[in-house]
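S.K.: Input: one structure, supplied below.
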Amino acid sequence: MTAEHILAAADRLAAAARAGRPCEPVRDLIGLDLDAAYQVQFVNTRRALDEGRRLVGRKIGLTSKAVQQQLGVGQPDFGVLFADMEYCDGEEVPFVRLMQPKAEAEIAFVLGRDLAARDVTPTEVIGAIDYVAPAIEIVGSRVENWDIRISDTIADNASSGCYVIGGPIRRLDGMDLVGTTMALHRNGLAASFGGGAACLGNPLTAVLWLARTCAALEMPLKAGDVVLSGALGPMVAIAPGDVLEARIGGLGTVKVSIGIHSTAEKNP
């Protein structure tokens, strides 16, 4: 894969984000090459940082075995979280801020220590987690009609959008993350069910994978980073005016509304 192909793919996705209009997939430029797809993602991440956006964590994707099979892969992927992607519990997110949005309920982990070792252990990951909280991630795609394969979504920052963290925040002590249940309601009606076991069998397994992967790439997770676990259940399509509320057993609730107008818009 040439540098020209990687740059062209990054340019295509960046132009779609600026214009607010989805583009063609980028797999015509990079094929299904995962390394090339991450290089595309890293190009646009560096551009965002140069423009003044601030990196505050990572999001894990493809944690569902069913979705992995659909895309023909056997592992998760990840993207970056910027500070301007986070909204407050109960806040309204302008619909214009989103692209082909869908919502999923997740667990947010906030780290209290760095995780720099490539062979970091499960025990070390557990010890590094400061607290957990319920979260809603609103994913989106710069690729038209969600016509994605694995390289498209990785290149597109793991189909990122924005996220909301609810409460109360809790320590891991006594938490059953595998057995926890999840219900995501849209406009008061149940729209998605799931639980911790749907996320690679255990959300902590997803965090461990991410910590090792980022350390191997020499971009380790840091104290204070937010890590979104990946979906605990099926995604839910959303529209202007929708109100979403996720209830995760043992953690709490998180709520967000989708606005119709563009007031209070954040930079994409």
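Just so we're on the same page: first chain in the structure tokens is A, next is B, and so on; residues restart at 1 for each chain, and ligands are numbered from 1 in the order they show up.
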With a distance cut-off of 12 Å and only C-alpha atoms, select the neighbouring residues of Met1 of chain A, excluding the residue or stretch itself and same-chain residues fewer than 4 positions from it, and output the selection as a count of residues only.
M.R.: 18
S.K.: Select, from A:Ala197, A:Ala10, A:Val226, A:Leu98, the residue with the minimum atom-to-atom distance to Cys162 of chain A, counting only C-alpha atoms.
M.R.: A:Leu98
S.K.: List the spatial neighbours of Gly127 of chain A as a list in words - criterion: any atom at most 10 Å away, only C-alpha atoms, same-chain residues fewer than 2 positions off excluded.
M.R.: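 Neighbouring residues, sequence-local ones excluded: Leu111, Gly112, Arg113, Thr121, Pro122, Thr123, Glu124, Val125, Ile129, Asp130 and Leu172 of chain A.
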S.K.: Residues as selected, N, CA, C and O atoms, written as a compact mmCIF listing (two decimals), in the first residue's frame, can you do that?
M.R.:
# COMPACT_ATOMS: atom_id res chain seq x y z
N LEU A 111 -9.29 5.65 33.56
CA LEU A 111 -8.06 5.11 34.13
C LEU A 111 -7.44 6.05 35.16
O LEU A 111 -7.45 7.26 34.99
N GLY A 112 -6.88 5.43 36.19
CA GLY A 112 -6.15 6.19 37.20
C GLY A 112 -4.66 6.04 37.07
O GLY A 112 -3.90 6.73 37.76
N ARG A 113 -4.21 5.10 36.20
CA ARG A 113 -2.78 4.87 35.99
C ARG A 113 -2.51 4.64 34.51
O ARG A 113 -3.40 4.23 33.77
N THR A 121 -1.01 -7.19 32.22
CA THR A 121 -1.81 -8.33 32.69
C THR A 121 -3.23 -7.89 33.01
O THR A 121 -3.49 -6.71 33.25
N PRO A 122 -4.15 -8.85 33.06
CA PRO A 122 -5.51 -8.50 33.48
C PRO A 122 -5.55 -7.85 34.85
O PRO A 122 -6.31 -6.90 35.07
N THR A 123 -4.72 -8.34 35.78
CA THR A 123 -4.69 -7.76 37.12
C THR A 123 -4.24 -6.31 37.09
O THR A 123 -4.78 -5.45 37.79
N GLU A 124 -3.25 -6.02 36.25
CA GLU A 124 -2.77 -4.64 36.14
C GLU A 124 -3.82 -3.74 35.53
O GLU A 124 -3.96 -2.57 35.92
N VAL A 125 -4.58 -4.25 34.56
CA VAL A 125 -5.66 -3.45 33.97
C VAL A 125 -6.70 -3.13 35.02
O VAL A 125 -7.15 -1.98 35.16
N ILE A 129 -7.87 0.86 36.65
CA ILE A 129 -9.18 1.48 36.42
C ILE A 129 -9.61 2.24 37.68
O ILE A 129 -9.74 1.67 38.75
N ASP A 130 -9.82 3.53 37.51
CA ASP A 130 -10.23 4.37 38.64
C ASP A 130 -11.71 4.18 38.93
O ASP A 130 -12.10 3.93 40.06
N LEU A 172 -14.71 -0.57 40.75
CA LEU A 172 -14.93 -1.92 40.26
C LEU A 172 -15.27 -2.91 41.37
O LEU A 172 -15.84 -3.97 41.09
S.K.: For Ala206 of chain A, which of A:Thr63, A:Ser192, A:Ser159, A:Ser151 is the closest residue, counting only C-alpha atoms?
M.R.: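 Going through A:Thr63, A:Ser192, A:Ser159, A:Ser151 one by one, the smallest distance to Ala206 of chain A is for A:Thr63.
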S.K.: Measure the distance from atom CA of Met219 of chain A to atom CA of Ala83 of chain A in Å and round it to one decimal.
M.R.: 17.5 Å
S.K.: Hey, what's within 6 Å of Asp242 of chain A if we count only C-alpha atoms and toss same-chain stuff fewer than 4 positions away? As a compact mmCIF listing (two decimals) with C-alpha atoms, in the first residue's frame, please?
M.R.:
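Final output, out-v7.txt:
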# COMPACT_ATOMS: atom_id res chain seq x y z
CA ASN A 187 -38.50 7.76 23.39
CA SER A 257 -31.60 13.88 23.61
CA ILE A 258 -31.06 14.54 19.93
S.K.: How far is it from atom CA of Leu228 of chain A to atom CA of Ala190 of chain A, in Å with one decimal?
M.R.: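 Separation of atom CA of Leu228 of chain A and atom CA of Ala190 of chain A: 22.1 Å.
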S.K.: Write out as an MDAnalysis selection string the set of residues from segment 55-124 of chain A that DSSP, computed on the backbone, places in alpha helix (DSSP H).
M.R.: chainID A and resid 65:71 122:124
S.K.: DSSP on the backbone: which residues in segment 14-251 of chain A end up as strand (DSSP E or B)? Give the answer as a ChimeraX atom specification.
M.R.: /A:23,55-61,77-82,86-87,92-94,102-111,115,129-139,143,162-165,167,170,181-186,189-195,221,226-228,236-237,243-248
S.K.: Could you check which of A:Ala117, A:Ile107, A:Met235, A:Ala211 is closest to Arg247 of chain A, using only C-alpha atoms?
M.R.: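 Residue with the minimum atom-to-atom distance to Arg247 of chain A: A:Ile107.
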